[in-house]
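**Student:** What follows is input.txt, made up of compact mmCIF, C-alpha atoms:
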# COMPACT_ATOMS: atom_id res chain seq x y z
CA MET G 151 100.53 34.89 -84.66
CA LYS G 152 98.68 33.71 -81.54
CA GLN G 153 96.22 31.78 -83.70
CA PHE G 154 99.11 30.19 -85.61
CA ILE G 155 100.79 29.13 -82.36
CA SER G 156 97.46 27.77 -81.16
CA PHE G 157 97.24 25.59 -84.27
CA VAL G 158 100.77 24.29 -83.65
CA ILE G 159 99.98 23.48 -80.01
CA LYS G 160 96.70 21.82 -81.01
CA GLU G 161 98.46 19.57 -83.54
CA ALA G 162 101.24 18.74 -81.08
CA LYS G 163 98.72 17.72 -78.41
CA HIS G 164 96.86 15.61 -80.95
CA ILE G 165 100.08 13.74 -81.83
CA LEU G 166 101.14 13.23 -78.22
CA ARG G 167 97.73 11.86 -77.24
CA ASP G 168 97.70 9.32 -80.07
CA LYS G 169 99.49 6.26 -78.66
CA ARG G 170 99.68 4.52 -82.03
CA THR G 171 101.35 7.51 -83.63
CA MET G 172 103.88 7.79 -80.80
CA LEU G 173 104.59 4.06 -81.06
CA ILE G 174 105.32 4.42 -84.79
CA LEU G 175 107.38 7.57 -84.33
CA PHE G 176 109.66 6.24 -81.58
CA GLY G 177 109.16 2.46 -81.62
CA MET G 178 110.11 1.98 -85.26
CA PRO G 179 113.51 3.74 -85.03
CA LEU G 180 114.48 1.85 -81.88
CA ALA G 181 113.44 -1.52 -83.32
CA LEU G 182 115.15 -1.01 -86.69
CA MET G 183 118.35 0.33 -85.14
CA LEU G 184 118.62 -2.73 -82.90
CA LEU G 185 117.70 -5.13 -85.71
CA PHE G 186 120.15 -3.72 -88.25
CA GLY G 187 122.80 -3.12 -85.61
CA PHE G 188 122.82 -6.57 -84.03
CA ALA G 189 120.60 -9.07 -85.87
CA ILE G 190 120.68 -8.15 -89.57
CA THR G 191 124.40 -7.92 -90.19
CA THR G 192 126.88 -8.84 -92.92
CA ASP G 193 129.77 -9.18 -90.48
CA VAL G 194 131.79 -12.36 -90.89
CA ARG G 195 131.69 -14.42 -87.69
CA ASN G 196 132.29 -18.08 -86.80
CA VAL G 197 132.55 -19.49 -90.32
CA ARG G 198 132.77 -23.29 -90.02
CA THR G 199 136.15 -24.03 -91.57
CA VAL G 200 137.91 -27.21 -92.61
CA VAL G 201 141.69 -27.26 -93.08
CA VAL G 202 143.39 -29.59 -95.54
CA THR G 203 147.13 -29.92 -95.01
CA SER G 204 149.64 -32.57 -96.01
CA SER G 205 152.59 -30.72 -94.51
CA GLN G 206 153.60 -30.57 -90.87
CA ASP G 207 156.07 -27.68 -91.20
CA HIS G 208 156.20 -24.73 -88.83
CA LEU G 209 154.79 -22.11 -91.25
CA THR G 210 151.74 -24.21 -92.09
CA HIS G 211 151.03 -24.77 -88.39
CA GLN G 212 151.45 -21.04 -87.81
CA ALA G 213 148.91 -20.22 -90.55
CA VAL G 214 146.41 -22.71 -89.10
CA ASP G 215 146.88 -21.22 -85.63
CA ARG G 216 146.16 -17.73 -87.00
CA LEU G 217 142.93 -19.01 -88.51
CA ALA G 218 141.92 -20.67 -85.25
CA ALA G 219 142.71 -17.53 -83.24
CA SER G 220 140.71 -15.20 -85.49
CA GLU G 221 137.14 -14.27 -84.63
CA TYR G 222 136.04 -14.90 -88.19
CA PHE G 223 136.67 -18.65 -88.54
CA THR G 224 135.91 -21.67 -86.37
CA LEU G 225 138.01 -24.73 -87.24
CA THR G 226 135.75 -27.76 -87.24
CA ALA G 227 138.00 -30.42 -88.77
CA LEU G 228 141.46 -31.24 -90.10
CA VAL G 229 141.35 -33.59 -93.12
CA SER G 230 143.95 -34.97 -95.43
CA THR G 231 142.39 -34.53 -98.90
CA PRO G 232 140.36 -31.82 -100.67
CA GLN G 233 137.73 -34.44 -101.46
CA ASP G 234 137.08 -34.96 -97.75
CA ALA G 235 136.68 -31.20 -97.25
CA GLU G 236 134.30 -30.92 -100.19
CA ARG G 237 132.24 -33.80 -98.81
CA LEU G 238 131.86 -31.99 -95.47
CA ILE G 239 130.71 -28.82 -97.24
CA ARG G 240 128.19 -30.74 -99.37
CA ASN G 241 126.84 -32.40 -96.21
CA GLN G 242 126.36 -28.95 -94.62
CA GLU G 243 128.91 -29.74 -91.92
CA ALA G 244 131.22 -26.90 -92.98
CA ASP G 245 131.04 -23.64 -94.91
CA PHE G 246 134.60 -23.09 -95.99
CA ALA G 247 137.74 -25.15 -96.63
CA ILE G 248 141.37 -24.08 -96.93
CA VAL G 249 143.76 -26.43 -98.74
CA PHE G 250 147.46 -25.94 -98.03
CA GLY G 251 149.71 -27.32 -100.75
CA PRO G 252 152.95 -29.18 -99.97
CA ASP G 253 155.02 -26.20 -101.17
CA PHE G 254 153.25 -23.61 -98.99
CA ALA G 255 156.20 -23.25 -96.60
CA SER G 256 158.83 -22.87 -99.31
CA LYS G 257 156.99 -20.71 -101.83
CA ARG G 258 154.34 -19.12 -99.57
CA SER G 259 151.81 -20.09 -102.24
CA GLY G 260 149.78 -23.15 -103.13
CA VAL G 261 146.64 -22.29 -101.13
CA GLN G 262 143.19 -23.22 -102.42
CA PHE G 263 139.81 -22.15 -101.04
CA ILE G 264 136.76 -24.41 -101.36
CA VAL G 265 133.67 -22.34 -100.59
CA ASP G 266 129.95 -22.91 -100.20
CA GLY G 267 128.83 -20.52 -102.94
CA ALA G 268 125.07 -20.67 -102.29
CA ASP G 269 125.38 -17.07 -101.11
CA PRO G 270 127.96 -15.55 -103.49
CA ASN G 271 128.32 -12.30 -101.54
CA MET G 272 129.16 -14.08 -98.28
CA ALA G 273 131.41 -16.53 -100.15
CA GLN G 274 133.43 -13.63 -101.54
CA MET G 275 133.66 -12.05 -98.09
CA TRP G 276 134.87 -15.31 -96.53
CA THR G 277 137.54 -15.57 -99.23
CA ASN G 278 138.69 -12.00 -98.64
CA TYR G 279 138.81 -12.44 -94.87
CA ALA G 280 140.74 -15.72 -95.14
CA THR G 281 143.23 -14.08 -97.51
CA GLY G 282 143.69 -11.28 -95.03
CA VAL G 283 144.27 -13.64 -92.11
CA LEU G 284 146.80 -15.73 -94.03
CA LEU G 285 148.76 -12.95 -95.69
CA ASN G 286 148.51 -9.89 -93.48
CA ALA G 287 150.31 -11.24 -90.43
CA ASP G 288 153.78 -10.10 -89.43
CA GLY G 289 156.18 -11.22 -92.08
CA GLY G 290 153.39 -11.88 -94.53
CA LEU G 291 153.35 -10.97 -98.19
CA VAL G 292 150.76 -8.20 -97.93
CA ASN G 293 150.32 -5.40 -95.44
CA SER G 294 146.91 -3.74 -95.79
CA LYS G 295 145.34 -0.86 -93.89
CA MET G 296 141.56 -0.50 -93.63
CA LEU G 297 140.56 3.18 -93.54
CA TYR G 298 137.47 4.49 -91.71
CA ASN G 299 136.21 1.04 -90.65
CA PRO G 300 139.15 -1.05 -89.41
CA GLN G 301 136.89 -3.57 -87.65
CA MET G 302 134.80 -3.94 -90.84
CA LYS G 303 131.53 -3.54 -88.92
CA SER G 304 128.39 -3.58 -91.04
CA SER G 305 126.73 -1.11 -88.65
CA TYR G 306 129.02 1.61 -90.06
CA ASN G 307 127.23 1.12 -93.37
CA PHE G 308 123.72 0.48 -92.05
CA VAL G 309 123.27 3.37 -89.60
CA PRO G 310 123.34 6.22 -92.18
CA ALA G 311 121.07 4.11 -94.39
CA ILE G 312 118.59 3.55 -91.56
CA MET G 313 118.56 7.29 -90.88
CA GLY G 314 117.66 7.99 -94.50
CA MET G 315 114.91 5.37 -94.58
CA LEU G 316 113.33 6.21 -91.22
CA LEU G 317 113.26 9.98 -91.61
CA MET G 318 111.74 9.70 -95.08
CA LEU G 319 109.09 7.14 -94.16
CA ILE G 320 108.09 8.66 -90.83
CA CYS G 321 107.90 12.26 -92.00
CA ALA G 322 106.15 11.54 -95.31
CA MET G 323 103.77 9.00 -93.77
CA MET G 324 102.80 11.00 -90.68
CA THR G 325 102.31 14.28 -92.56
CA SER G 326 100.18 12.77 -95.33
CA VAL G 327 98.04 10.70 -92.93
CA SER G 328 97.54 13.69 -90.62
CA ILE G 329 96.23 15.97 -93.38
CA VAL G 330 94.07 13.27 -94.98
CA ARG G 331 92.59 12.48 -91.55
CA GLU G 332 91.36 16.07 -91.33
CA LYS G 333 89.75 15.67 -94.75
CA GLU G 334 88.00 12.44 -93.81
CA LYS G 335 86.62 13.89 -90.59
CA GLY G 336 85.49 17.07 -92.36
CA THR G 337 87.52 19.28 -90.03
CA MET G 338 89.81 20.54 -92.80
CA GLU G 339 87.02 22.74 -94.15
CA VAL G 340 86.49 24.16 -90.66
CA LEU G 341 90.19 24.95 -90.40
CA LEU G 342 90.29 26.57 -93.83
CA VAL G 343 87.50 29.04 -93.00
CA SER G 344 89.35 30.15 -89.86
CA PRO G 345 91.18 33.52 -89.85
CA VAL G 346 94.51 31.76 -90.37
CA LYS G 347 95.61 31.46 -93.99
CA PRO G 348 95.52 27.94 -95.50
CA LEU G 349 99.29 27.96 -96.01
CA MET G 350 99.82 28.71 -92.33
CA ILE G 351 97.55 25.80 -91.41
CA ILE G 352 99.71 23.40 -93.39
CA VAL G 353 102.88 24.86 -91.85
CA ALA G 354 101.35 24.58 -88.38
CA LYS G 355 100.57 20.90 -88.98
CA ALA G 356 104.10 20.24 -90.25
CA ILE G 357 106.03 21.97 -87.44
CA PRO G 358 105.30 19.34 -84.73
CA TYR G 359 106.43 16.59 -87.08
CA LEU G 360 109.58 18.57 -87.87
CA VAL G 361 110.36 18.85 -84.15
CA LEU G 362 109.61 15.15 -83.57
CA ALA G 363 111.76 14.17 -86.57
CA VAL G 364 114.70 16.14 -85.13
CA ALA G 365 114.13 14.37 -81.78
CA ILE G 366 114.14 11.01 -83.58
CA LEU G 367 117.36 12.02 -85.36
CA VAL G 368 119.01 12.81 -82.01
CA ILE G 369 117.90 9.42 -80.62
CA ILE G 370 119.31 7.62 -83.68
CA LEU G 371 122.64 9.45 -83.37
CA LEU G 372 122.89 8.66 -79.65
CA MET G 373 122.10 4.98 -80.28
CA ALA G 374 124.59 4.85 -83.12
CA ARG G 375 127.35 6.31 -80.99
CA TYR G 376 126.80 4.68 -77.61
CA VAL G 377 124.94 1.44 -78.43
CA LEU G 378 126.30 0.39 -81.82
CA GLY G 379 129.70 2.05 -81.48
CA VAL G 380 129.47 3.95 -84.78
CA PRO G 381 131.69 7.04 -84.70
CA LEU G 382 130.49 10.56 -85.45
CA VAL G 383 133.75 11.82 -86.91
CA GLY G 384 132.39 14.74 -88.92
CA SER G 385 130.80 18.00 -87.85
CA LEU G 386 127.68 17.42 -85.78
CA PHE G 387 126.36 20.79 -86.94
CA TRP G 388 126.42 19.79 -90.61
CA ILE G 389 125.00 16.34 -89.84
CA ILE G 390 121.97 17.95 -88.19
CA ALA G 391 121.71 20.80 -90.73
CA ILE G 392 121.63 18.48 -93.75
CA SER G 393 119.24 16.19 -91.87
CA VAL G 394 116.85 19.11 -91.32
CA VAL G 395 116.89 19.83 -95.07
CA TYR G 396 116.15 16.16 -95.70
CA ILE G 397 113.31 16.23 -93.14
CA LEU G 398 111.78 19.25 -94.90
CA LEU G 399 112.01 17.32 -98.18
CA ALA G 400 110.18 14.37 -96.61
CA LEU G 401 107.50 16.66 -95.17
CA SER G 402 107.03 18.23 -98.62
CA LEU G 403 106.62 14.77 -100.12
CA GLY G 404 104.04 13.95 -97.43
CA LEU G 405 102.12 17.11 -98.31
CA LEU G 406 102.18 16.13 -101.98
CA ILE G 407 100.86 12.65 -101.14
CA SER G 408 98.05 14.18 -99.07
CA ASN G 409 96.87 16.07 -102.17
CA VAL G 410 96.58 12.81 -104.11
CA ALA G 411 95.19 10.49 -101.42
CA LYS G 412 91.55 10.69 -100.41
CA THR G 413 91.66 8.25 -97.48
CA GLN G 414 94.12 7.54 -94.70
CA LEU G 415 94.64 4.00 -96.02
CA VAL G 416 95.62 5.27 -99.46
CA ALA G 417 97.94 7.84 -97.89
CA LEU G 418 99.53 5.13 -95.76
CA LEU G 419 100.03 2.82 -98.72
CA LEU G 420 101.50 5.56 -100.90
CA SER G 421 103.87 6.87 -98.26
CA ALA G 422 104.92 3.51 -96.81
CA MET G 423 104.65 0.84 -99.49
CA VAL G 424 105.47 2.89 -102.59
CA LEU G 425 108.41 4.68 -100.92
CA LEU G 426 109.82 1.69 -99.04
CA MET G 427 110.84 -0.45 -102.01
CA PRO G 428 112.75 2.28 -103.94
CA ILE G 429 114.46 3.41 -100.73
CA VAL G 430 115.66 -0.07 -99.83
CA MET G 431 116.56 -1.26 -103.33
CA LEU G 432 117.74 1.84 -105.21
CA SER G 433 119.15 4.29 -102.66
CA GLY G 434 122.39 2.45 -101.99
CA MET G 435 121.12 1.37 -98.60
CA LEU G 436 121.87 -2.33 -99.17
CA PHE G 437 123.41 -2.49 -102.64
CA PRO G 438 126.01 -0.15 -104.19
CA VAL G 439 124.48 2.09 -106.84
CA GLU G 440 127.58 1.62 -109.00
CA SER G 441 126.88 -2.12 -109.24
CA MET G 442 123.34 -1.64 -110.58
CA PRO G 443 122.43 -1.77 -114.30
CA ARG G 444 122.67 1.59 -116.02
CA VAL G 445 118.90 2.01 -116.25
CA LEU G 446 118.45 1.50 -112.50
CA GLN G 447 121.27 3.94 -111.82
CA TRP G 448 119.29 6.57 -113.74
CA VAL G 449 116.18 5.73 -111.72
CA SER G 450 118.14 5.96 -108.45
CA ALA G 451 119.18 9.50 -109.39
CA ILE G 452 115.67 10.73 -108.47
CA ILE G 453 115.59 8.88 -105.13
CA PRO G 454 116.28 11.52 -102.40
CA PRO G 455 117.58 9.07 -99.75
CA ARG G 456 120.45 8.17 -102.07
CA TYR G 457 122.03 11.60 -101.64
CA TYR G 458 121.26 11.84 -97.93
CA ILE G 459 122.79 8.44 -97.22
CA GLU G 460 125.90 9.34 -99.22
CA ALA G 461 126.27 12.61 -97.32
CA MET G 462 125.80 10.97 -93.91
CA ARG G 463 128.35 8.24 -94.66
CA LYS G 464 130.89 10.85 -95.63
CA LEU G 465 130.22 13.07 -92.63
CA MET G 466 129.74 10.41 -89.94
CA ILE G 467 132.27 7.76 -90.97
CA MET G 468 134.86 9.57 -93.09
CA GLY G 469 134.77 12.87 -91.21
CA VAL G 470 135.00 15.05 -94.32
CA GLY G 471 134.21 18.76 -94.42
CA PHE G 472 131.07 20.36 -95.79
CA GLU G 473 132.67 21.00 -99.18
CA ALA G 474 132.84 17.24 -99.76
CA VAL G 475 129.05 16.90 -99.40
CA LEU G 476 128.13 20.17 -101.12
CA LYS G 477 126.88 18.35 -104.24
CA GLU G 478 124.53 16.08 -102.23
CA THR G 479 123.31 19.03 -100.16
CA LEU G 480 122.49 21.15 -103.21
CA ILE G 481 120.59 18.26 -104.79
CA LEU G 482 118.55 17.77 -101.61
CA VAL G 483 117.81 21.50 -101.40
CA GLY G 484 116.74 21.55 -105.05
CA MET G 485 114.47 18.53 -104.59
CA THR G 486 112.93 20.13 -101.49
CA VAL G 487 112.15 23.35 -103.35
CA VAL G 488 110.62 21.50 -106.31
CA LEU G 489 108.50 19.14 -104.19
CA LEU G 490 107.31 21.93 -101.91
CA ALA G 491 106.37 24.14 -104.85
CA ILE G 492 104.42 21.33 -106.55
CA ALA G 493 102.67 20.36 -103.30
CA LEU G 494 101.62 23.93 -102.47
CA LYS G 495 100.51 24.54 -106.05
CA LYS G 496 98.28 21.44 -106.00
CA PHE G 497 96.98 22.36 -102.56
CA ASN G 498 96.00 25.87 -103.70
CA THR G 499 94.41 24.44 -106.85
CA ARG G 500 92.25 22.10 -104.78
CA LEU G 501 91.13 25.04 -102.59
CA GLU G 502 90.12 27.06 -105.65
Can the structure in the file be given as structure tokens, please?
**Tutor:**
Amino acid sequence: MKQFISFVIKEAKHILRDKRTMLILFGMPLALMLLFGFAITTDVRNVRTVVVTSSQDHLTHQAVDRLAASEYFTLTALVSTPQDAERLIRNQEADFAIVFGPDFASKRSGVQFIVDGADPNMAQMWTNYATGVLLNADGGLVNSKMLYNPQMKSSYNFVPAIMGMLLMLICAMMTSVSIVREKEKGTMEVLLVSPVKPLMIIVAKAIPYLVLAVAILVIILLMARYVLGVPLVGSLFWIIAISVVYILLALSLGLLISNVAKTQLVALLLSAMVLLMPIVMLSGMLFPVESMPRVLQWVSAIIPPRYYIEAMRKLMIMGVGFEAVLKETLILVGMTVVLLAIALKKFNTRLE
């Protein structure tokens, strides 16, 4: 046991002394959290809006005032015809136009939206927000209630996704590069002939990364709560417990990559480049899985971050109990067992 602990301490010291590794481990989460939390956002803000109105009645003025008072739209011009509004949009002087018909006050209808549709997703969001501003006021036709995310902040969606991406990339990348580095330097053979069993050597190398990953998780949760204002409604115990299972899965994947890669560069490319694209595109991080073609939905079913992100969104934002994320947890546990078994089998085969 003393020799095992010595291996753990030796690996921990090696990590702490490597400034580049520490920069990746703690610099990447901080940078991505700030980028996705403040810079890369889908929140609707300050949409340049033109209003077309031929009526001077009280209700039309009231609707225009609501638009001007909202944080979503910035009124840039009042014009008399839809053609003038369309000309402003085509000249890139406006993004959005609202045309009030002459019967808006009497029938509470006759509203047309003219939208810059170059970005269809944002165009749809602008339309939805404008509809909400016009209709959801006191005395309006519709009264809606937004559950879980009343301010409609994109950070509520991004933070669980960033957690899934970072923990997978960091754990898989650092573990695989660490083991392959020992191979390149020729020190792995020295370690394997030591009194400690080969399996214990691998476990000893993984434990420091497990501890560091949990520390990174705590930092992400603190930033989410106190910097980005994302609530942690669900059980903190289950958030951390499921995250630990996910971290073990990522470490197992890193061990598997280390069996395939022969150089640190190959290990880095496999763990970073090959994993990054499926995580971003197919895990539900940016795009809903339900909106993907059927074939890609089948492919996304084998992407572990998909289930972790779903579980974290339910626990952190919706505040559900463990039974609501039992399916995702069981899938992650099953994937961890399978990946770990394959990785250890290949590792033992290489030793023989």
**Student:** If we count only C-alpha atoms and set the cut-off at 8 Å, which residues sit around segment 203-212 of chain G, ignoring sequence neighbours fewer than 3 positions away in its own chain? Please answer as a list in words.
**Tutor:**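 Contacts, in chain order: Asp215, Arg216, Leu228, Val229, Ser230, Thr231, Val249, Phe250, Gly251, Pro252, Phe254 and Ala255 of chain G.
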**Student:** Can you write just those residues out, C-alpha atoms, as a compact mmCIF listing (two decimals), in the frame of the given file?
**Tutor:**
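Generated file (selection_15.txt):
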# COMPACT_ATOMS: atom_id res chain seq x y z
CA ASP G 215 146.88 -21.22 -85.63
CA ARG G 216 146.16 -17.73 -87.00
CA LEU G 228 141.46 -31.24 -90.10
CA VAL G 229 141.35 -33.59 -93.12
CA SER G 230 143.95 -34.97 -95.43
CA THR G 231 142.39 -34.53 -98.90
CA VAL G 249 143.76 -26.43 -98.74
CA PHE G 250 147.46 -25.94 -98.03
CA GLY G 251 149.71 -27.32 -100.75
CA PRO G 252 152.95 -29.18 -99.97
CA PHE G 254 153.25 -23.61 -98.99
CA ALA G 255 156.20 -23.25 -96.60
**Student:** At what distance in Å, to one decimal, does atom CA of Val439 of chain G lie from atom CA of Leu399 of chain G?
**Tutor:** 21.5 Å
**Student:** Please report the interatomic distance between atom CA of Ile392 of chain G and atom CA of Lys477 of chain G in Å with one decimal.
**Tutor:**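 Between atom CA of Ile392 of chain G and atom CA of Lys477 of chain G the gap works out to 11.7 Å.
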**Student:** Write out as a PDB file with C-alpha atoms, in the frame of the given file which residues come within 10 Å of Ile452 of chain G when counting all atoms listed in the file, dropping same-chain ones fewer than 6 positions away.
**Tutor:**
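As a result, selection-v3.pdb now contains:
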ATOM      1  CA  LEU G 432     117.740   1.840-105.210  1.00  0.00           C
ATOM      2  CA  SER G 433     119.150   4.290-102.660  1.00  0.00           C
ATOM      3  CA  ILE G 481     120.590  18.260-104.790  1.00  0.00           C
ATOM      4  CA  MET G 485     114.470  18.530-104.590  1.00  0.00           C
TER       5      MET G 485
END
**Student:** Please identify all polymer residues lying at most 6 Å from the point (116.7, 14.5, -98.5) (file coordinates), using all atoms listed in the file, and present the result as an mmCIF file with C-alpha atoms, in the coordinates of the input.
**Tutor:**
data_model
loop_
_atom_site.group_PDB
_atom_site.id
_atom_site.type_symbol
_atom_site.label_atom_id
_atom_site.label_comp_id
_atom_site.auth_asym_id
_atom_site.auth_seq_id
_atom_site.Cartn_x
_atom_site.Cartn_y
_atom_site.Cartn_z
ATOM 1 C CA TYR G 396 116.150 16.160 -95.700
ATOM 2 C CA LEU G 399 112.010 17.320 -98.180
ATOM 3 C CA PRO G 454 116.280 11.520 -102.400
ATOM 4 C CA PRO G 455 117.580 9.070 -99.750
ATOM 5 C CA TYR G 458 121.260 11.840 -97.930
ATOM 6 C CA LEU G 482 118.550 17.770 -101.610
#
**Student:** Contacts of Met178 of chain G at 9 Å or less, counting only C-alpha atoms, minus same-chain residues fewer than 4 places along, as a PyMOL selection string?
**Tutor:** chain G and resi 173-174+182-183+316+320
**Student:** Using all atoms listed in the file, which of the listed residues (G:Ala491, G:Val424, G:Ala461, G:Leu386) sits closest to Leu406 of chain G?
**Tutor:**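 Distance minimum relative to Leu406 of chain G lands on G:Ala491.
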**Student:** Which residues are near Pro358 of chain G? Cut-off 10 Å, all atoms listed in the file, ignore same chain within fewer than 5 positions. Put them as a JSON list (two decimals) with C-alpha atoms, in the coordinates of the input.
**Tutor:**
[["chain", "number", "residue", "atom", "x", "y", "z"],
["G", 158, "VAL", "CA", 100.77, 24.29, -83.65],
["G", 159, "ILE", "CA", 99.98, 23.48, -80.01],
["G", 160, "LYS", "CA", 96.70, 21.82, -81.01],
["G", 161, "GLU", "CA", 98.46, 19.57, -83.54],
["G", 162, "ALA", "CA", 101.24, 18.74, -81.08],
["G", 163, "LYS", "CA", 98.72, 17.72, -78.41],
["G", 164, "HIS", "CA", 96.86, 15.61, -80.95],
["G", 165, "ILE", "CA", 100.08, 13.74, -81.83],
["G", 166, "LEU", "CA", 101.14, 13.23, -78.22],
["G", 325, "THR", "CA", 102.31, 14.28, -92.56],
["G", 353, "VAL", "CA", 102.88, 24.86, -91.85],
["G", 363, "ALA", "CA", 111.76, 14.17, -86.57],
["G", 364, "VAL", "CA", 114.70, 16.14, -85.13]]
